[in-house]
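File shown here: structure30.cif, holding mmCIF, C-alpha atoms.
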data_upload
#
loop_
_atom_site.label_atom_id
_atom_site.label_comp_id
_atom_site.auth_asym_id
_atom_site.auth_seq_id
_atom_site.Cartn_x
_atom_site.Cartn_y
_atom_site.Cartn_z
CA MET P 1 82.99 107.01 96.67
CA ALA P 2 86.49 105.51 96.73
CA TRP P 3 86.96 106.28 93.03
CA SER P 4 85.65 109.82 93.52
CA THR P 5 88.03 110.48 96.39
CA ARG P 6 91.06 109.17 94.49
CA ALA P 7 90.07 111.07 91.35
CA SER P 8 89.67 114.25 93.38
CA ARG P 9 93.15 113.86 94.93
CA SER P 10 94.55 113.11 91.48
CA HIS P 11 92.96 116.07 89.69
CA ARG P 12 93.85 118.66 92.34
CA PRO P 13 97.61 118.63 91.62
CA ARG P 14 97.07 118.14 87.91
CA CYS P 15 94.97 121.30 87.65
CA SER P 16 97.40 123.25 89.83
CA SER P 17 100.47 121.94 88.02
CA ALA P 18 99.09 122.80 84.57
CA THR P 19 98.47 126.36 85.71
CA LEU P 20 101.93 126.59 87.30
CA VAL P 21 103.69 125.35 84.16
CA GLU P 22 101.88 127.82 81.92
CA GLU P 23 102.55 130.71 84.30
CA THR P 24 106.23 129.76 84.66
CA ILE P 25 106.72 129.59 80.89
CA THR P 26 104.90 132.86 80.25
CA ALA P 27 106.46 134.88 83.07
CA ASN P 28 110.01 133.73 82.36
CA HIS P 29 109.85 133.61 78.55
CA ILE P 30 110.91 129.95 78.35
CA ASP P 31 111.16 128.88 74.71
CA CYS P 32 109.88 125.28 74.89
CA GLU P 33 107.30 125.10 72.09
CA TYR P 34 104.42 125.30 74.55
CA ALA P 35 100.91 125.35 73.05
CA ARG P 36 97.56 125.06 74.80
CA THR P 37 96.12 122.42 72.51
CA GLY P 38 93.79 120.61 74.91
CA HIS P 39 93.82 116.86 75.42
CA LEU P 40 91.65 113.84 74.73
CA TYR P 41 91.34 110.93 77.16
CA LEU P 42 90.12 108.20 74.82
CA ALA P 43 87.83 105.31 75.78
CA TYR P 44 89.36 102.08 74.52
CA LYS P 45 86.28 100.00 75.41
CA PRO P 46 82.55 100.86 75.48
CA GLY P 47 82.56 100.30 79.25
CA HIS P 48 85.16 103.03 79.68
CA VAL P 49 82.83 105.77 78.42
CA GLU P 50 80.68 106.11 81.55
CA PRO P 51 83.64 106.65 83.95
CA LEU P 52 84.90 109.38 81.60
CA GLU P 53 81.51 111.09 81.81
CA THR P 54 81.74 110.95 85.62
CA GLU P 55 85.25 112.40 85.43
CA ALA P 56 84.07 115.23 83.18
CA ARG P 57 81.37 116.12 85.70
CA LEU P 58 83.91 116.07 88.55
CA LEU P 59 86.24 118.41 86.66
CA ARG P 60 83.44 120.85 85.92
CA GLU P 61 81.71 120.87 89.31
CA GLU P 62 84.63 120.54 91.72
CA PHE P 63 87.48 122.23 89.85
CA GLY P 64 85.74 124.59 87.43
CA VAL P 65 87.52 123.05 84.45
CA SER P 66 85.80 123.05 81.07
CA ALA P 67 85.48 119.35 80.23
CA ARG P 68 82.97 117.41 78.15
CA LEU P 69 82.38 113.94 76.85
CA LEU P 70 82.52 113.29 73.12
CA ASN P 71 80.64 110.31 71.70
CA ARG P 72 82.06 108.11 68.99
CA ASP P 73 80.52 110.17 66.17
CA ALA P 74 81.96 113.42 67.54
CA LEU P 75 85.44 111.89 67.59
CA ALA P 76 85.62 111.98 63.80
CA SER P 77 86.58 115.66 63.90
CA GLU P 78 89.20 115.07 66.59
CA ILE P 79 91.13 111.94 65.67
CA GLY P 80 91.63 109.89 62.53
CA SER P 81 91.27 106.50 64.16
CA PRO P 82 88.46 103.92 64.16
CA ILE P 83 89.25 102.14 67.43
CA TYR P 84 87.92 104.43 70.18
CA HIS P 85 84.39 104.67 71.59
CA GLY P 86 84.36 108.18 73.03
CA ALA P 87 86.62 110.64 74.80
CA LEU P 88 86.90 113.18 77.57
CA LEU P 89 87.95 116.54 76.09
CA VAL P 90 89.75 119.06 78.32
CA GLU P 91 90.59 122.29 76.50
CA ARG P 92 92.90 123.98 79.01
CA SER P 93 95.85 121.55 78.88
CA GLY P 94 98.79 121.79 76.52
CA GLY P 95 102.03 120.32 75.29
CA LEU P 96 105.68 121.35 75.31
CA HIS P 97 109.21 120.18 74.51
CA PRO P 98 110.35 118.67 77.83
CA ALA P 99 114.10 119.04 77.28
CA LYS P 100 113.73 122.72 76.35
CA TYR P 101 111.49 123.26 79.36
CA VAL P 102 114.05 121.68 81.69
CA ALA P 103 116.80 123.82 80.12
CA GLY P 104 114.70 126.89 80.87
CA LEU P 105 114.20 125.82 84.49
CA VAL P 106 117.94 125.20 84.87
CA ARG P 107 118.61 128.74 83.65
CA LEU P 108 116.10 130.17 86.12
CA ALA P 109 117.55 128.16 89.01
CA ARG P 110 121.12 129.29 88.27
CA ASP P 111 120.01 132.89 87.88
CA ARG P 112 118.58 132.67 91.40
CA GLY P 113 121.74 131.27 92.94
CA ALA P 114 121.16 127.50 92.88
CA HIS P 115 124.22 125.25 92.60
CA LEU P 116 123.52 122.33 90.27
CA HIS P 117 125.86 119.33 90.07
CA ASP P 118 125.05 116.61 87.55
CA HIS P 119 126.86 113.25 87.51
CA THR P 120 127.15 113.53 91.30
CA PRO P 121 125.06 110.74 92.84
CA ALA P 122 124.31 110.68 96.53
CA THR P 123 125.69 107.35 97.78
CA ALA P 124 124.63 107.70 101.44
CA ILE P 125 122.73 110.01 103.79
CA GLU P 126 124.00 110.09 107.38
CA SER P 127 122.29 111.73 110.34
CA ARG P 128 124.41 114.52 111.80
CA PRO P 129 124.91 114.81 115.59
CA GLY P 130 122.72 117.65 116.82
CA GLY P 131 120.42 117.53 113.77
CA GLY P 132 120.68 117.72 110.03
CA PHE P 133 122.39 115.39 107.60
CA ILE P 134 125.61 114.59 105.79
CA VAL P 135 125.10 113.64 102.13
CA VAL P 136 127.95 111.51 100.83
CA THR P 137 128.89 111.79 97.13
CA PRO P 138 131.90 110.64 95.06
CA GLY P 139 133.05 114.27 95.01
CA GLY P 140 132.80 114.96 98.73
CA ARG P 141 130.48 115.27 101.73
CA ILE P 142 127.77 117.91 102.11
CA ASP P 143 126.56 119.17 105.49
CA THR P 144 122.94 120.29 105.35
CA ARG P 145 119.95 120.95 107.54
CA ASP P 146 117.43 119.41 105.13
CA VAL P 147 117.39 116.81 102.37
CA LEU P 148 114.68 116.51 99.72
CA LEU P 149 114.62 113.23 97.80
CA ALA P 150 112.93 113.73 94.43
CA THR P 151 114.17 110.73 92.48
CA ASN P 152 110.77 109.42 91.28
CA GLY P 153 111.28 106.41 88.95
CA TYR P 154 115.00 106.32 89.75
CA SER P 155 114.65 105.95 93.52
CA ASP P 156 117.28 103.50 94.77
CA ARG P 157 118.40 101.98 98.09
CA LEU P 158 119.45 105.38 99.48
CA LEU P 159 116.24 105.39 101.54
CA PRO P 160 114.99 101.76 101.63
CA PRO P 161 111.52 102.45 103.13
CA LEU P 162 110.83 104.85 100.25
CA ARG P 163 112.20 102.51 97.60
CA ARG P 164 109.66 99.88 98.63
CA ARG P 165 106.81 102.25 97.81
CA VAL P 166 107.88 103.40 94.34
CA ILE P 167 107.68 101.13 91.28
CA PRO P 168 109.95 101.96 88.32
CA ILE P 169 108.10 101.19 85.07
CA GLY P 170 109.59 101.65 81.61
CA SER P 171 108.10 104.30 79.36
CA TYR P 172 109.06 104.40 75.68
CA ILE P 173 108.51 106.82 72.78
CA ILE P 174 109.14 106.81 69.05
CA ALA P 175 109.36 109.83 66.75
CA THR P 176 108.58 109.46 63.05
CA GLU P 177 109.97 111.40 60.16
CA PRO P 178 108.10 114.70 59.58
CA LEU P 179 104.64 114.09 58.15
CA ALA P 180 103.17 115.95 55.20
CA PRO P 181 100.63 118.53 56.45
CA ASP P 182 97.63 116.64 55.04
CA ARG P 183 98.72 113.36 56.66
CA ALA P 184 99.30 115.08 60.00
CA ARG P 185 95.80 116.63 59.81
CA SER P 186 94.27 113.26 58.97
CA ALA P 187 95.66 111.82 62.21
CA ILE P 188 95.10 114.63 64.72
CA PRO P 189 93.15 117.47 63.02
CA LYS P 190 93.28 119.86 66.01
CA ARG P 191 96.72 118.81 67.26
CA ARG P 192 95.42 117.62 70.63
CA MET P 193 97.45 115.70 73.19
CA LEU P 194 96.09 112.15 73.23
CA PHE P 195 96.13 109.22 75.63
CA ASP P 196 93.83 106.25 76.08
CA SER P 197 92.21 104.23 78.84
CA LYS P 198 94.09 100.93 78.49
CA ASN P 199 96.32 99.60 81.25
CA PHE P 200 99.09 99.37 78.64
CA LEU P 201 98.11 102.83 77.52
CA TYR P 202 99.28 104.77 74.48
CA TYR P 203 100.05 108.51 74.55
CA TRP P 204 100.82 110.54 71.47
CA ARG P 205 100.84 113.92 69.77
CA LEU P 206 102.31 115.87 66.87
CA SER P 207 105.53 117.81 67.36
CA THR P 208 105.93 121.34 66.03
CA ASP P 209 107.68 119.94 62.93
CA ASN P 210 104.86 117.41 62.35
CA ARG P 211 106.58 114.29 63.64
CA MET P 212 104.27 111.80 65.28
CA LEU P 213 105.49 111.22 68.83
CA PHE P 214 103.95 107.94 69.97
CA GLY P 215 104.60 106.44 73.40
CA GLY P 216 103.44 103.64 75.63
CA ARG P 217 104.20 101.07 78.29
CA ALA P 218 105.74 98.56 75.92
CA SER P 219 106.44 96.08 78.71
CA PHE P 220 106.27 95.89 82.51
CA ALA P 221 109.33 93.62 82.36
CA PRO P 222 112.79 94.86 81.27
CA THR P 223 113.05 95.26 77.49
CA THR P 224 115.23 96.97 74.89
CA ILE P 225 114.74 100.18 72.97
CA ALA P 226 114.73 98.22 69.70
CA LYS P 227 111.94 95.89 70.87
CA ALA P 228 109.95 98.80 72.28
CA ARG P 229 110.38 100.72 69.01
CA ASP P 230 108.96 97.86 66.94
CA TRP P 231 106.09 97.32 69.41
CA LEU P 232 105.18 101.01 69.38
CA TYR P 233 105.35 101.25 65.59
CA ALA P 234 102.89 98.36 65.25
CA ALA P 235 100.64 99.99 67.88
CA MET P 236 100.76 103.34 66.08
CA ILE P 237 99.65 101.73 62.82
CA ARG P 238 96.76 99.98 64.59
CA VAL P 239 95.59 103.35 65.89
CA HIS P 240 96.37 105.33 62.71
CA PRO P 241 96.41 103.04 59.64
CA GLN P 242 97.04 106.10 57.44
CA LEU P 243 100.59 106.28 58.85
CA ALA P 244 101.64 102.88 57.45
CA GLY P 245 105.03 103.16 55.77
CA ILE P 246 106.12 106.25 57.70
CA ALA P 247 109.71 105.86 58.92
CA VAL P 248 110.67 105.97 62.59
CA GLU P 249 113.74 108.18 63.06
CA HIS P 250 114.15 108.18 66.84
CA ALA P 251 113.30 105.92 69.78
CA TRP P 252 114.08 106.28 73.48
CA GLY P 253 112.88 105.26 76.92
CA GLY P 254 113.29 105.65 80.67
CA ASN P 255 111.63 104.93 83.99
CA VAL P 256 108.52 106.59 85.37
CA GLY P 257 107.69 106.30 89.06
CA PHE P 258 104.41 104.60 89.94
CA THR P 259 102.91 104.12 93.38
CA PHE P 260 100.58 101.39 94.59
CA ASP P 261 97.63 103.78 94.88
CA ARG P 262 98.54 105.64 91.65
CA LEU P 263 98.81 108.93 93.52
CA PRO P 264 101.83 111.19 94.06
CA HIS P 265 103.15 111.47 97.61
CA ILE P 266 105.00 113.99 99.74
CA GLY P 267 106.21 113.48 103.30
CA ARG P 268 109.19 112.51 105.47
CA MET P 269 110.92 109.23 106.27
CA ASN P 270 113.72 109.09 108.83
CA GLY P 271 113.67 112.88 108.79
CA ILE P 272 114.32 113.03 105.03
CA ALA P 273 111.70 114.83 102.93
CA TYR P 274 110.50 113.26 99.69
CA ALA P 275 108.22 114.22 96.79
CA LEU P 276 107.56 111.74 93.97
CA GLY P 277 105.24 109.15 92.45
CA TYR P 278 103.85 111.07 89.47
CA CYS P 279 102.69 107.98 87.54
CA GLY P 280 103.68 109.32 84.13
CA THR P 281 102.71 112.98 84.63
CA GLY P 282 105.97 114.25 86.09
CA VAL P 283 106.77 116.96 83.54
CA ALA P 284 104.07 119.14 85.05
CA MET P 285 103.42 117.55 88.43
CA SER P 286 107.03 117.57 89.65
CA GLY P 287 107.11 121.35 89.41
CA TYR P 288 104.00 121.67 91.54
CA PHE P 289 105.32 119.22 94.12
CA GLY P 290 108.72 120.89 94.10
CA GLN P 291 107.09 124.17 95.04
CA LEU P 292 104.95 122.43 97.67
CA ALA P 293 108.02 120.66 99.13
CA ALA P 294 110.12 123.83 99.16
CA ASP P 295 107.46 125.73 101.10
CA TRP P 296 107.03 122.82 103.52
CA VAL P 297 110.77 122.38 104.18
CA ALA P 298 110.99 126.14 104.75
CA GLY P 299 108.35 125.92 107.50
CA ALA P 300 104.93 126.12 105.85
CA GLU P 301 102.17 123.68 106.71
CA LEU P 302 101.60 120.73 104.40
CA PRO P 303 97.97 120.71 103.18
CA ASP P 304 95.83 118.06 104.86
CA CYS P 305 95.07 116.33 101.56
CA TRP P 306 98.72 115.24 101.33
CA ARG P 307 99.03 113.83 104.83
CA GLY P 308 97.65 110.37 103.97
CA GLY P 309 99.50 107.06 104.17
CA PHE P 310 101.96 105.86 101.56
CA PRO P 311 101.16 102.20 100.77
CA GLY P 312 103.78 99.60 99.90
CA MET P 313 103.85 95.87 99.18
CA PRO P 314 105.05 93.04 101.44
CA PHE P 315 108.33 91.39 100.37
CA TYR P 316 109.12 94.17 97.87
CA ARG P 317 112.64 95.39 98.58
CA GLU P 318 114.97 96.14 95.67
CA LYS P 319 113.57 94.70 92.44
CA PRO P 320 109.86 94.80 91.50
CA TRP P 321 109.65 91.02 91.02
CA PHE P 322 105.87 91.20 90.58
CA LEU P 323 105.87 93.43 87.48
CA PRO P 324 105.96 90.69 84.80
CA VAL P 325 102.98 88.96 86.44
CA VAL P 326 101.10 92.24 86.82
CA GLY P 327 101.91 93.09 83.21
CA ARG P 328 100.43 89.84 81.91
CA TYR P 329 97.33 90.40 84.04
CA TYR P 330 96.77 93.94 82.74
CA ALA P 331 97.48 92.89 79.15
CA ALA P 332 94.80 90.21 79.51
CA LEU P 333 92.34 92.79 80.84
CA ASP P 334 93.04 95.03 77.83
CA ARG P 335 92.30 92.14 75.47
CA LEU P 336 88.98 91.16 77.09
#

Could you take the file, read its structure, and then write that structure out as structure tokens?
Amino acid sequence: MAWSTRASRSHRPRCSSATLVEETITANHIDCEYARTGHLYLAYKPGHVEPLETEARLLREEFGVSARLLNRDALASEIGSPIYHGALLVERSGGLHPAKYVAGLVRLARDRGAHLHDHTPATAIESRPGGGFIVVTPGGRIDTRDVLLATNGYSDRLLPPLRRRVIPIGSYIIATEPLAPDRARSAIPKRRMLFDSKNFLYYWRLSTDNRMLFGGRASFAPTTIAKARDWLYAAMIRVHPQLAGIAVEHAWGGNVGFTFDRLPHIGRMNGIAYALGYCGTGVAMSGYFGQLAADWVAGAELPDCWRGGFPGMPFYREKPWFLPVVGRYYAALDRL
């Protein structure tokens, strides 16, 4: 029951956010290479297959999403890899170019009168006599009725109670040189979006110019782009041996915001609204939560499903000191 409840809370925003992203792109003609390719959630171990079957049933019965389980034999037409034991296939999802999507959203926001100021960090938030806030920045002070904190994996000490509930975890991606069409087809014949069921999960897809984009949680402890690049290349070859010898042309990384219950959260602390904790799905989910937060700040009711508690960890203040230990634990679980 606990798993079912958490899965239900997790799938609700994911389904809504996928629909919102597609509608936003279509209605506003955002050129971001969007394609509804569907995705595969791949079972890394035999014991991971049954939970995926339960998840497929939940998606069909509770959310009306077309989802089905593929056994190991059926995977041959979906992925050129020998290491997975089955997969959950969801047809309605898709992929896009995140930077182009953000550029399109920036254009829409400016067209509607929003004032956007990059390289302008908020260094303090002060309560204003009579209500409201003063946001302090290096460029000046802003008087405002409401503040929405949407910093996700980059949440800092601006609101300490919130910082203690968000864990920044590094996420890294490599991009290969363009693959020949036959080699690209041998890896992902139907150009699905792929991710697996490990704790140190991999996530990957083909770009529109046939580069393999391969990402993962290279380390729970601080690392470098160069080390993450080499780790991800070795992982990619384990998954797709046919890509051995392909050159990596780009590598990058950044923080994603995780929460202790692996659910996104929206609420208020000290009168300041927040929306964050997307656990690696922020490209789509942040748009949904942004809309939810905007309506709420403007006076709408927050749905009951988002009124739950926001768990933290004792003695966690500024740095997630526990991450290296947790990382070794999860890595051991993946090996067993």

Inset, instruction - Using the chain letters and residue numbers of this document, give as a ChimeraX atom specification the residues selected by the PyMOL selection byres ((chain P and resi 168) around 7). - result: /P:153-154,166-167,169-170,255-258

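Using only C-alpha atoms, the smallest distance between any of P:Ala99, P:Ala187, P:Leu263, P:Val90 and P:Met285 comes from P:Leu263.
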
Legend entry - Atomic distance atom CA of P:Ile30 - atom CA of P:Gly280, expressed in Å with one decimal: 22.6 Å

Inset, instruction - Check what the PyMOL selection byres ((chain P and resi 124) around 8) selects in the file above and give those residues as a PyMOL selection string. - result: chain P and resi 122-123+125-126+135-137+158

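Polymer residues near (109.3, 111.5, 69.2): counting only C-alpha atoms with a cut-off of 8 Å, they are Ile173, Ile174, Ala175, Thr176, Ser207, Arg211, Met212, Leu213, Phe214, His250 and Ala251 of chain P.
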
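If only C-alpha atoms are the atoms counted, then among P:Gly64, P:Leu148, P:Arg164, P:Asn210 the closest residue to P:Gln291 is P:Leu148.
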
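Distance-wise, atom CA of P:Ser219 and atom CA of P:Trp204 end up 17.1 Å apart.
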
Mind checking which residues fall within 9 Å of stretch 24-28 of chain P, counting only C-alpha atoms, ignoring those fewer than 4 positions away in the same chain, and posting them as a CSV table (one decimal) with C-alpha atoms, keeping the file's coordinate frame?
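For reference, out16.csv as written:
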chain,number,residue,atom,x,y,z
P,19,THR,CA,98.5,126.4,85.7
P,20,LEU,CA,101.9,126.6,87.3
P,32,CYS,CA,109.9,125.3,74.9
P,34,TYR,CA,104.4,125.3,74.6
P,101,TYR,CA,111.5,123.3,79.4
P,104,GLY,CA,114.7,126.9,80.9
P,105,LEU,CA,114.2,125.8,84.5
P,108,LEU,CA,116.1,130.2,86.1

Would you mind putting N, CA and C atoms back on stretch 238-253 of chain P and writing the result as an mmCIF file, in the frame of the given file?
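The result, stored in result07.cif:
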data_model
loop_
_atom_site.group_PDB
_atom_site.id
_atom_site.type_symbol
_atom_site.label_atom_id
_atom_site.label_comp_id
_atom_site.auth_asym_id
_atom_site.auth_seq_id
_atom_site.Cartn_x
_atom_site.Cartn_y
_atom_site.Cartn_z
ATOM 1 N N ARG P 238 98.111 100.444 64.221
ATOM 2 C CA ARG P 238 96.760 99.980 64.590
ATOM 3 C C ARG P 238 95.851 101.163 64.893
ATOM 4 N N VAL P 239 96.393 102.176 65.559
ATOM 5 C CA VAL P 239 95.590 103.350 65.890
ATOM 6 C C VAL P 239 95.368 104.222 64.661
ATOM 7 N N HIS P 240 96.431 104.450 63.886
ATOM 8 C CA HIS P 240 96.370 105.330 62.710
ATOM 9 C C HIS P 240 96.844 104.573 61.476
ATOM 10 N N PRO P 241 95.984 103.796 60.826
ATOM 11 C CA PRO P 241 96.410 103.040 59.640
ATOM 12 C C PRO P 241 96.970 103.916 58.527
ATOM 13 N N GLN P 242 96.563 105.200 58.496
ATOM 14 C CA GLN P 242 97.040 106.100 57.440
ATOM 15 C C GLN P 242 98.528 106.419 57.568
ATOM 16 N N LEU P 243 99.156 106.016 58.682
ATOM 17 C CA LEU P 243 100.590 106.280 58.850
ATOM 18 C C LEU P 243 101.455 105.087 58.448
ATOM 19 N N ALA P 244 100.866 104.049 57.886
ATOM 20 C CA ALA P 244 101.640 102.880 57.450
ATOM 21 C C ALA P 244 102.712 103.318 56.452
ATOM 22 N N GLY P 245 103.918 102.831 56.653
ATOM 23 C CA GLY P 245 105.030 103.160 55.770
ATOM 24 C C GLY P 245 105.844 104.357 56.203
ATOM 25 N N ILE P 246 105.355 105.117 57.179
ATOM 26 C CA ILE P 246 106.120 106.250 57.700
ATOM 27 C C ILE P 246 107.329 105.725 58.484
ATOM 28 N N ALA P 247 108.484 106.321 58.274
ATOM 29 C CA ALA P 247 109.710 105.860 58.920
ATOM 30 C C ALA P 247 109.811 106.382 60.351
ATOM 31 N N VAL P 248 110.342 105.549 61.230
ATOM 32 C CA VAL P 248 110.670 105.970 62.590
ATOM 33 C C VAL P 248 112.130 106.419 62.613
ATOM 34 N N GLU P 249 112.382 107.642 63.056
ATOM 35 C CA GLU P 249 113.740 108.180 63.060
ATOM 36 C C GLU P 249 114.399 108.170 64.427
ATOM 37 N N HIS P 250 113.579 108.157 65.487
ATOM 38 C CA HIS P 250 114.150 108.180 66.840
ATOM 39 C C HIS P 250 113.316 107.293 67.755
ATOM 40 N N ALA P 251 113.984 106.701 68.758
ATOM 41 C CA ALA P 251 113.300 105.920 69.780
ATOM 42 C C ALA P 251 114.086 106.042 71.079
ATOM 43 N N TRP P 252 113.396 106.162 72.205
ATOM 44 C CA TRP P 252 114.080 106.280 73.480
ATOM 45 C C TRP P 252 113.148 105.810 74.599
ATOM 46 N N GLY P 253 113.688 105.706 75.801
ATOM 47 C CA GLY P 253 112.880 105.260 76.920
ATOM 48 C C GLY P 253 113.531 105.595 78.245
#
